[in-house]
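This report concerns only the one structure given below.
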Amino acid sequence: MKQTKALQDKNSLVAQISKFFDKEKVAQLAHETKFVQRESNMKGLDFFFLCLFAHQQNYEISLDGLSNELMKDGVYMSKQSIHDRFNPYAVEFMEQLLSEAISQKLNIGTLPKHPLFHRIVVEDSTSFQIPEMFANKYQGSGGGASDAAVKIQYAYDLTSEKIISMVTQSGVNPDSKQVLGDVKKTTYE
């Protein structure tokens, strides 16, 4: 059976992500963040891939649609069970996965520690256009671009390998107006 281009792209991306994220490490993070608290049909990696790919064909996918997507991978869950998984533990789990990805990509484990620097904060943002139906919450610039856009601002501490702040906002908000979560200016004498 011939695979569609979208399925080939998904399978290629899954293979790359699977090399990047060790299954045992993902399972450990799922337990540490309490996203997974007992044996379940859906593992942490299943949830991650569901969040990453389920909306690709239909950004208005229902809980039934998510359940069907999981069934394609042999994971059987009711829509209520899936609904219950979208909670603060899921947010913490996904943030920890992002922290792990940043740490690996930057090869932070090899950075030398220095007694004068208790924190090294990297701040960045990314923005992208989204369907116009979201313009009431995430305003875009319009014109030749979409009337809806989202900007994600984040701050990451290289020394603790933790996300300090992550904020979503309208795509038109300037970076200079974003205040970092708990970052405080420190002076050394």
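Going through the structure tokens in order, the chains are called A, B, and so on, while each chain numbers its residues from 1 and the ligands are numbered from 1 in the order shown.
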Please return, as an mmCIF file with C-alpha atoms, in the first residue's frame, all residues of chain A that DSSP assigns to helix (DSSP H, G or I) on the basis of the backbone.
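Generated output (out_35.cif):
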data_model
loop_
_atom_site.group_PDB
_atom_site.id
_atom_site.type_symbol
_atom_site.label_atom_id
_atom_site.label_comp_id
_atom_site.auth_asym_id
_atom_site.auth_seq_id
_atom_site.Cartn_x
_atom_site.Cartn_y
_atom_site.Cartn_z
ATOM 1 C CA LYS A 5 3.373 12.245 1.591
ATOM 2 C CA ALA A 6 1.998 13.441 4.952
ATOM 3 C CA LEU A 7 2.325 9.941 6.446
ATOM 4 C CA GLN A 8 5.846 9.567 5.064
ATOM 5 C CA ASP A 9 6.783 12.939 6.573
ATOM 6 C CA LYS A 10 5.242 11.948 9.920
ATOM 7 C CA ASN A 11 7.056 8.595 9.950
ATOM 8 C CA SER A 12 10.345 10.319 9.096
ATOM 9 C CA LEU A 13 9.840 12.883 11.857
ATOM 10 C CA VAL A 14 8.863 10.178 14.378
ATOM 11 C CA ALA A 15 12.060 8.289 13.525
ATOM 12 C CA GLN A 16 14.167 11.441 14.054
ATOM 13 C CA ILE A 17 12.429 12.312 17.324
ATOM 14 C CA SER A 18 12.795 8.727 18.555
ATOM 15 C CA LYS A 19 16.564 9.017 18.058
ATOM 16 C CA PHE A 20 16.568 12.305 19.964
ATOM 17 C CA LYS A 23 12.027 6.044 25.351
ATOM 18 C CA GLU A 24 13.169 5.289 28.892
ATOM 19 C CA LYS A 25 14.011 8.947 29.524
ATOM 20 C CA VAL A 26 10.573 10.029 28.272
ATOM 21 C CA ALA A 27 8.927 7.405 30.513
ATOM 22 C CA GLN A 28 11.012 8.648 33.460
ATOM 23 C CA LEU A 29 9.982 12.276 32.817
ATOM 24 C CA ALA A 30 6.336 11.213 32.524
ATOM 25 C CA HIS A 31 6.566 9.590 35.978
ATOM 26 C CA GLU A 32 8.596 12.416 37.569
ATOM 27 C CA GLY A 44 4.211 9.606 27.736
ATOM 28 C CA LEU A 45 5.648 9.209 24.250
ATOM 29 C CA ASP A 46 2.166 8.414 22.869
ATOM 30 C CA PHE A 47 0.816 11.664 24.352
ATOM 31 C CA PHE A 48 3.765 13.649 22.995
ATOM 32 C CA PHE A 49 3.222 12.304 19.464
ATOM 33 C CA LEU A 50 -0.542 12.836 19.778
ATOM 34 C CA CYS A 51 0.009 16.508 20.641
ATOM 35 C CA LEU A 52 2.599 16.853 17.908
ATOM 36 C CA PHE A 53 0.749 15.245 15.006
ATOM 37 C CA LEU A 63 -11.693 14.044 21.338
ATOM 38 C CA ASP A 64 -13.196 11.251 19.204
ATOM 39 C CA GLY A 65 -10.701 12.184 16.499
ATOM 40 C CA LEU A 66 -7.836 12.030 19.013
ATOM 41 C CA SER A 67 -9.081 8.636 20.161
ATOM 42 C CA ASN A 68 -9.083 7.443 16.535
ATOM 43 C CA GLU A 69 -5.544 8.754 16.047
ATOM 44 C CA LEU A 70 -4.378 6.784 19.082
ATOM 45 C CA MET A 71 -6.120 3.636 17.793
ATOM 46 C CA LYS A 72 -4.008 3.843 14.624
ATOM 47 C CA LYS A 79 -12.484 10.397 24.768
ATOM 48 C CA GLN A 80 -13.083 11.082 28.479
ATOM 49 C CA SER A 81 -9.748 9.481 29.382
ATOM 50 C CA ILE A 82 -7.990 11.591 26.759
ATOM 51 C CA HIS A 83 -9.763 14.726 28.014
ATOM 52 C CA ASP A 84 -8.592 13.968 31.557
ATOM 53 C CA ARG A 85 -4.973 13.797 30.352
ATOM 54 C CA PRO A 88 -1.292 20.621 34.665
ATOM 55 C CA TYR A 89 0.756 17.389 34.808
ATOM 56 C CA ALA A 90 0.641 17.219 31.003
ATOM 57 C CA VAL A 91 1.876 20.810 30.779
ATOM 58 C CA GLU A 92 4.762 20.052 33.154
ATOM 59 C CA PHE A 93 5.592 16.889 31.196
ATOM 60 C CA MET A 94 5.699 18.750 27.865
ATOM 61 C CA GLU A 95 7.819 21.544 29.404
ATOM 62 C CA GLN A 96 10.280 18.957 30.732
ATOM 63 C CA LEU A 97 10.512 17.381 27.275
ATOM 64 C CA LEU A 98 11.278 20.807 25.814
ATOM 65 C CA SER A 99 13.929 21.421 28.495
ATOM 66 C CA GLU A 100 15.473 18.042 27.724
ATOM 67 C CA ALA A 101 15.518 18.821 23.993
ATOM 68 C CA ILE A 102 17.170 22.206 24.546
ATOM 69 C CA SER A 103 19.722 20.693 26.914
ATOM 70 C CA GLN A 104 20.630 17.972 24.418
ATOM 71 C CA LYS A 105 20.733 20.304 21.441
ATOM 72 C CA LEU A 106 22.996 22.790 23.227
ATOM 73 C CA ILE A 108 24.747 21.750 28.122
ATOM 74 C CA GLY A 109 26.139 18.876 30.179
ATOM 75 C CA THR A 110 29.586 19.797 28.891
ATOM 76 C CA GLU A 132 -7.793 33.213 11.223
ATOM 77 C CA MET A 133 -10.501 31.781 13.482
ATOM 78 C CA PHE A 134 -8.082 32.406 16.393
ATOM 79 C CA ASP A 175 9.526 41.173 22.346
ATOM 80 C CA SER A 176 10.717 44.200 24.330
ATOM 81 C CA LYS A 177 7.430 44.329 26.284
#
Taking the DSSP assignment computed from this structure's backbone, write out as a list in words all residues of segment 21-168 of chain A that belong to strand (DSSP E).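 Of segment 21-168 of chain A, the ones in strand (DSSP E) are Val121, Val122, Glu123, Asp124, Ser125, Thr126, Ser127, Phe128, Gln129, Ala149, Val150, Lys151, Ile152, Gln153, Tyr154, Ala155, Tyr156, Asp157, Lys162, Ile163, Ile164, Ser165, Met166, Val167 and Thr168 of chain A.
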Export of prior selection with N, CA and C atoms as a PDB file, in the first residue's frame:
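File written: again_12.pdb
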ATOM      1  N   VAL A 121      20.927  33.034  31.581  1.00  0.00           N
ATOM      2  CA  VAL A 121      19.581  32.991  31.023  1.00  0.00           C
ATOM      3  C   VAL A 121      19.619  33.347  29.537  1.00  0.00           C
ATOM      4  N   VAL A 122      19.017  32.479  28.755  1.00  0.00           N
ATOM      5  CA  VAL A 122      18.853  32.709  27.326  1.00  0.00           C
ATOM      6  C   VAL A 122      17.369  32.958  27.096  1.00  0.00           C
ATOM      7  N   GLU A 123      17.064  34.062  26.436  1.00  0.00           N
ATOM      8  CA  GLU A 123      15.679  34.396  26.135  1.00  0.00           C
ATOM      9  C   GLU A 123      15.519  34.445  24.624  1.00  0.00           C
ATOM     10  N   ASP A 124      14.398  33.923  24.152  1.00  0.00           N
ATOM     11  CA  ASP A 124      14.133  33.944  22.724  1.00  0.00           C
ATOM     12  C   ASP A 124      12.631  33.902  22.498  1.00  0.00           C
ATOM     13  N   SER A 125      12.245  34.112  21.272  1.00  0.00           N
ATOM     14  CA  SER A 125      10.833  34.006  20.921  1.00  0.00           C
ATOM     15  C   SER A 125      10.718  33.459  19.507  1.00  0.00           C
ATOM     16  N   THR A 126       9.570  32.928  19.219  1.00  0.00           N
ATOM     17  CA  THR A 126       9.250  32.488  17.878  1.00  0.00           C
ATOM     18  C   THR A 126       7.799  32.850  17.622  1.00  0.00           C
ATOM     19  N   SER A 127       7.474  33.117  16.391  1.00  0.00           N
ATOM     20  CA  SER A 127       6.084  33.423  16.073  1.00  0.00           C
ATOM     21  C   SER A 127       5.723  32.734  14.770  1.00  0.00           C
ATOM     22  N   PHE A 128       4.450  32.454  14.615  1.00  0.00           N
ATOM     23  CA  PHE A 128       3.982  31.795  13.402  1.00  0.00           C
ATOM     24  C   PHE A 128       2.506  32.111  13.194  1.00  0.00           C
ATOM     25  N   GLN A 129       2.095  32.017  11.948  1.00  0.00           N
ATOM     26  CA  GLN A 129       0.713  32.290  11.597  1.00  0.00           C
ATOM     27  C   GLN A 129      -0.150  31.084  11.933  1.00  0.00           C
ATOM     28  N   ALA A 149      -1.895  35.260  14.551  1.00  0.00           N
ATOM     29  CA  ALA A 149      -0.530  34.756  14.724  1.00  0.00           C
ATOM     30  C   ALA A 149      -0.272  34.611  16.216  1.00  0.00           C
ATOM     31  N   VAL A 150       0.553  33.653  16.559  1.00  0.00           N
ATOM     32  CA  VAL A 150       0.906  33.435  17.960  1.00  0.00           C
ATOM     33  C   VAL A 150       2.418  33.607  18.109  1.00  0.00           C
ATOM     34  N   LYS A 151       2.808  34.166  19.232  1.00  0.00           N
ATOM     35  CA  LYS A 151       4.224  34.330  19.560  1.00  0.00           C
ATOM     36  C   LYS A 151       4.465  33.572  20.864  1.00  0.00           C
ATOM     37  N   ILE A 152       5.524  32.802  20.882  1.00  0.00           N
ATOM     38  CA  ILE A 152       5.922  32.096  22.098  1.00  0.00           C
ATOM     39  C   ILE A 152       7.224  32.721  22.572  1.00  0.00           C
ATOM     40  N   GLN A 153       7.203  33.263  23.760  1.00  0.00           N
ATOM     41  CA  GLN A 153       8.390  33.846  24.397  1.00  0.00           C
ATOM     42  C   GLN A 153       8.850  32.867  25.476  1.00  0.00           C
ATOM     43  N   TYR A 154      10.145  32.609  25.533  1.00  0.00           N
ATOM     44  CA  TYR A 154      10.613  31.745  26.608  1.00  0.00           C
ATOM     45  C   TYR A 154      11.988  32.177  27.085  1.00  0.00           C
ATOM     46  N   ALA A 155      12.255  31.789  28.315  1.00  0.00           N
ATOM     47  CA  ALA A 155      13.562  32.036  28.925  1.00  0.00           C
ATOM     48  C   ALA A 155      14.040  30.703  29.500  1.00  0.00           C
ATOM     49  N   TYR A 156      15.311  30.416  29.300  1.00  0.00           N
ATOM     50  CA  TYR A 156      15.892  29.136  29.700  1.00  0.00           C
ATOM     51  C   TYR A 156      17.178  29.396  30.473  1.00  0.00           C
ATOM     52  N   ASP A 157      17.323  28.756  31.621  1.00  0.00           N
ATOM     53  CA  ASP A 157      18.532  28.898  32.440  1.00  0.00           C
ATOM     54  C   ASP A 157      19.499  27.776  32.084  1.00  0.00           C
ATOM     55  N   LYS A 162      16.714  24.413  33.058  1.00  0.00           N
ATOM     56  CA  LYS A 162      15.273  24.505  33.281  1.00  0.00           C
ATOM     57  C   LYS A 162      14.686  25.701  32.542  1.00  0.00           C
ATOM     58  N   ILE A 163      13.444  25.553  32.127  1.00  0.00           N
ATOM     59  CA  ILE A 163      12.709  26.672  31.553  1.00  0.00           C
ATOM     60  C   ILE A 163      12.279  27.579  32.700  1.00  0.00           C
ATOM     61  N   ILE A 164      12.564  28.850  32.587  1.00  0.00           N
ATOM     62  CA  ILE A 164      12.176  29.820  33.605  1.00  0.00           C
ATOM     63  C   ILE A 164      10.787  30.362  33.307  1.00  0.00           C
ATOM     64  N   SER A 165      10.554  30.650  32.039  1.00  0.00           N
ATOM     65  CA  SER A 165       9.295  31.273  31.654  1.00  0.00           C
ATOM     66  C   SER A 165       8.951  30.850  30.239  1.00  0.00           C
ATOM     67  N   MET A 166       7.662  30.605  30.002  1.00  0.00           N
ATOM     68  CA  MET A 166       7.178  30.346  28.655  1.00  0.00           C
ATOM     69  C   MET A 166       5.790  30.965  28.563  1.00  0.00           C
ATOM     70  N   VAL A 167       5.626  31.884  27.621  1.00  0.00           N
ATOM     71  CA  VAL A 167       4.387  32.640  27.498  1.00  0.00           C
ATOM     72  C   VAL A 167       3.935  32.630  26.043  1.00  0.00           C
ATOM     73  N   THR A 168       2.643  32.400  25.835  1.00  0.00           N
ATOM     74  CA  THR A 168       2.078  32.565  24.499  1.00  0.00           C
ATOM     75  C   THR A 168       1.310  33.872  24.480  1.00  0.00           C
TER      76      THR A 168
END
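For the pair atom CA of Val172 of chain A and atom CA of Ala148 of chain A, the separation is 9.2 Å.
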Atomic distance atom CA of Phe35 of chain A - atom CA of Gly74 of chain A, expressed in Å with one decimal: 20.0 Å
Nearest residue to Asp73 of chain A out of A:Ile61, A:Met42, A:Ile120, A:Phe86, using only C-alpha atoms? A:Met42
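Here atom CA of Gly171 of chain A stands at a distance of 26.3 Å from atom CA of Leu158 of chain A.
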Counting only C-alpha atoms, the option among A:His118, A:Asn107, A:Ala135, A:Ser170 closest to Asp147 of chain A: A:Ala135
